[in-house]
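Chemist: This is the structure, below, for whatever I ask next.
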Amino acid sequence: MTRAVAPKTIPPLPPRAVAWGRSTKRVGGMFHAHALGVPVCGARLVLDRHASEAPRDLGDMQYWGVCPRCYRLATT
């Protein structure tokens with residue numbers, strides 16, 4: 001299992017991504033950048049709009065963490 005990144009600021013969206021989202025179906029799920037429910041990092045999960053949540057503020061992203069692959073795509 002990968003270790004989530006706790007960002008200091010809200011990271012920008014990587015290319016192709018439309019929003020940040022976290023699956024509420026998975027226990028301990030982290031935020032992923034996604035394009036229509038499919039994470040841009042290639043993770044095998046679907047972010048259903050009824051079973052996921054968007055970050056309200058930076059505190060949510062620091063608490064749950066951000067996918068390291070999505071974070072790397074966003075910061076490069």
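Chain labels run A, B, ... following the order of the structure tokens; each chain numbers its residues from 1, and ligands are numbered from 1 in the order shown.
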So that I can check the secondary structure, give me every residue of chain A assigned alpha helix (DSSP H) by backbone DSSP, as a ChimeraX atom specification.
Modeler: /A:58-64,68-75
Chemist: Just want the 10 Å neighbourhood of Gly59 of chain A, counted on only C-alpha atoms, with same-chain residues fewer than 3 positions away dropped. Output as a short mmCIF file (atom, residue, chain, number, x, y, z; two decimals) with N, CA and C atoms, in the first residue's frame.
Modeler:
```cif
data_model
loop_
_atom_site.label_atom_id
_atom_site.label_comp_id
_atom_site.auth_asym_id
_atom_site.auth_seq_id
_atom_site.Cartn_x
_atom_site.Cartn_y
_atom_site.Cartn_z
N ALA A 6 0.81 14.44 2.51
CA ALA A 6 0.09 15.51 3.18
C ALA A 6 0.59 16.84 2.61
N PRO A 7 -0.16 17.44 1.67
CA PRO A 7 0.33 18.66 1.01
C PRO A 7 0.26 19.88 1.92
N LYS A 8 1.11 20.86 1.65
CA LYS A 8 1.12 22.13 2.40
C LYS A 8 0.11 23.12 1.81
N THR A 9 -0.17 22.98 0.52
CA THR A 9 -1.19 23.79 -0.15
C THR A 9 -2.00 22.85 -1.03
N ILE A 10 -3.15 23.30 -1.46
CA ILE A 10 -3.97 22.47 -2.34
C ILE A 10 -3.25 22.37 -3.68
N PRO A 55 -12.79 17.53 -1.67
CA PRO A 55 -12.22 18.18 -0.49
C PRO A 55 -12.90 19.51 -0.23
N ARG A 56 -13.26 19.76 1.02
CA ARG A 56 -13.86 21.04 1.39
C ARG A 56 -12.80 22.12 1.53
N GLN A 62 -5.06 17.18 3.94
CA GLN A 62 -3.99 16.83 4.87
C GLN A 62 -4.39 15.66 5.76
N TYR A 63 -5.65 15.58 6.13
CA TYR A 63 -6.11 14.49 7.00
C TYR A 63 -6.13 13.15 6.26
N TRP A 64 -6.77 13.11 5.10
CA TRP A 64 -6.88 11.86 4.35
C TRP A 64 -5.67 11.59 3.48
N GLY A 65 -4.98 12.64 3.05
CA GLY A 65 -3.81 12.48 2.20
C GLY A 65 -4.17 12.49 0.72
#
```
Chemist: Can you list, as a list in words, every protein, DNA or RNA residue that comes within 6 Å of Ala4 of chain A when you count only C-alpha atoms, leaving out same-chain residues fewer than 6 positions away?
Modeler: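 The neighbour list is Gly65, Val66, Cys67 and Pro68 of chain A.
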Chemist: Grab the atom CA of Thr75 of chain A to atom CA of Arg26 of chain A distance for me, in Å with one decimal place.
Modeler: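 Atom-to-atom, atom CA of Thr75 of chain A and atom CA of Arg26 of chain A are spaced 25.5 Å apart.
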Chemist: Neighbouring residues of Leu45 of chain A were defined as those with any atom within 12 Å, considering only C-alpha atoms; residues of the same chain fewer than 2 positions away were excluded. Please report them as a PyMOL selection string.
Modeler: chain A and resi 21-26+29-34+37-43+47-48+51-52
